[in-house]
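**Student:** Quick one: this structure, given as structure tokens, is what I'll be asking you about.
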Amino acid sequence: MTTDRAVHIMAGSFILISLALGVEASPLFVSGHFLWLTTFVGANLLQSGFTRFCPAESLMVKLGMKRLDEASCGR
């Protein structure tokens, strides 16, 4: 698996988990503050689209995962 796919999987998982924990209609609801995690992930994906810098991908490369080509968060 390359960092490109891993970033997509990680971002999607964080968004779905934070929505499940932060939306009152969810049976897993804990607190509305979990929606801040959704906001953070979305903002990070947006900035990485413009800057091509992704902190998650940088961390994955340091942990030994192979990079597809250049740095990106969800090209």
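All residue names refer to the structure tokens as shown: chains lettered A, B, ... in order, residues numbered from 1 in each chain, ligands numbered from 1 in order.
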As number ranges by chain, please: every residue in stretch 14-72 of chain A that a backbone DSSP assignment puts in helix (DSSP H, G or I).
**Tutor:** A: 14-22, 32-51, 55-62
**Student:** Next, dump the selected residues to file, keeping only N, CA and C atoms, as a compact mmCIF listing (two decimals), in the first residue's frame.
**Tutor:**
```
# COMPACT_ATOMS: atom_id res chain seq x y z
N PHE A 14 -11.43 8.85 9.76
CA PHE A 14 -11.57 9.90 10.77
C PHE A 14 -12.88 10.66 10.60
N ILE A 15 -13.24 10.96 9.36
CA ILE A 15 -14.48 11.71 9.11
C ILE A 15 -15.69 10.89 9.53
N LEU A 16 -15.75 9.62 9.12
CA LEU A 16 -16.90 8.79 9.47
C LEU A 16 -17.00 8.55 10.98
N ILE A 17 -15.87 8.31 11.63
CA ILE A 17 -15.89 8.08 13.08
C ILE A 17 -16.31 9.34 13.83
N SER A 18 -15.76 10.50 13.43
CA SER A 18 -16.11 11.74 14.12
C SER A 18 -17.57 12.12 13.89
N LEU A 19 -18.11 11.81 12.71
CA LEU A 19 -19.53 12.06 12.47
C LEU A 19 -20.39 11.13 13.32
N ALA A 20 -20.00 9.87 13.42
CA ALA A 20 -20.76 8.92 14.24
C ALA A 20 -20.77 9.32 15.70
N LEU A 21 -19.66 9.89 16.17
CA LEU A 21 -19.57 10.27 17.58
C LEU A 21 -20.09 11.68 17.86
N GLY A 22 -20.24 12.50 16.80
CA GLY A 22 -20.59 13.91 17.01
C GLY A 22 -21.98 14.33 16.60
N GLY A 32 -20.96 16.72 20.65
CA GLY A 32 -20.90 17.50 19.42
C GLY A 32 -19.50 18.01 19.12
N HIS A 33 -18.64 17.98 20.11
CA HIS A 33 -17.27 18.46 19.91
C HIS A 33 -16.47 17.57 18.96
N PHE A 34 -16.92 16.35 18.73
CA PHE A 34 -16.23 15.48 17.77
C PHE A 34 -16.32 16.03 16.35
N LEU A 35 -17.26 16.91 16.09
CA LEU A 35 -17.37 17.52 14.76
C LEU A 35 -16.18 18.42 14.46
N TRP A 36 -15.46 18.86 15.48
CA TRP A 36 -14.24 19.63 15.24
C TRP A 36 -13.18 18.78 14.54
N LEU A 37 -13.16 17.49 14.82
CA LEU A 37 -12.23 16.59 14.13
C LEU A 37 -12.57 16.52 12.65
N THR A 38 -13.86 16.47 12.33
CA THR A 38 -14.29 16.48 10.93
C THR A 38 -13.83 17.76 10.25
N THR A 39 -13.99 18.88 10.93
CA THR A 39 -13.56 20.18 10.39
C THR A 39 -12.06 20.20 10.17
N PHE A 40 -11.28 19.69 11.12
CA PHE A 40 -9.83 19.68 10.99
C PHE A 40 -9.38 18.83 9.80
N VAL A 41 -9.95 17.66 9.65
CA VAL A 41 -9.57 16.77 8.54
C VAL A 41 -9.91 17.42 7.20
N GLY A 42 -11.10 18.01 7.10
CA GLY A 42 -11.50 18.68 5.86
C GLY A 42 -10.61 19.86 5.54
N ALA A 43 -10.27 20.66 6.54
CA ALA A 43 -9.39 21.81 6.31
C ALA A 43 -7.99 21.36 5.89
N ASN A 44 -7.50 20.28 6.47
CA ASN A 44 -6.19 19.75 6.10
C ASN A 44 -6.19 19.25 4.66
N LEU A 45 -7.26 18.56 4.26
CA LEU A 45 -7.35 18.10 2.87
C LEU A 45 -7.42 19.28 1.90
N LEU A 46 -8.14 20.33 2.29
CA LEU A 46 -8.24 21.52 1.44
C LEU A 46 -6.89 22.20 1.28
N GLN A 47 -6.18 22.44 2.39
CA GLN A 47 -4.88 23.11 2.29
C GLN A 47 -3.88 22.27 1.53
N SER A 48 -3.92 20.95 1.68
CA SER A 48 -2.96 20.11 0.98
C SER A 48 -3.22 20.10 -0.52
N GLY A 49 -4.46 20.35 -0.92
CA GLY A 49 -4.77 20.45 -2.34
C GLY A 49 -4.09 21.65 -2.99
N PHE A 50 -3.91 22.71 -2.21
CA PHE A 50 -3.25 23.91 -2.73
C PHE A 50 -1.74 23.87 -2.54
N THR A 51 -1.27 23.38 -1.39
CA THR A 51 0.15 23.45 -1.07
C THR A 51 0.92 22.18 -1.38
N PRO A 55 0.79 16.59 6.28
CA PRO A 55 1.47 16.09 7.47
C PRO A 55 1.30 14.58 7.67
N ALA A 56 0.12 14.05 7.37
CA ALA A 56 -0.11 12.61 7.54
C ALA A 56 0.79 11.81 6.62
N GLU A 57 0.93 12.26 5.38
CA GLU A 57 1.79 11.55 4.44
C GLU A 57 3.26 11.62 4.88
N SER A 58 3.68 12.78 5.38
CA SER A 58 5.06 12.91 5.87
C SER A 58 5.34 11.92 6.99
N LEU A 59 4.38 11.76 7.89
CA LEU A 59 4.53 10.82 8.99
C LEU A 59 4.59 9.39 8.48
N MET A 60 3.76 9.06 7.52
CA MET A 60 3.75 7.70 6.96
C MET A 60 5.06 7.36 6.26
N VAL A 61 5.65 8.34 5.57
CA VAL A 61 6.94 8.12 4.90
C VAL A 61 8.02 7.87 5.96
N LYS A 62 7.99 8.63 7.06
CA LYS A 62 8.97 8.42 8.14
C LYS A 62 8.81 7.05 8.78
```
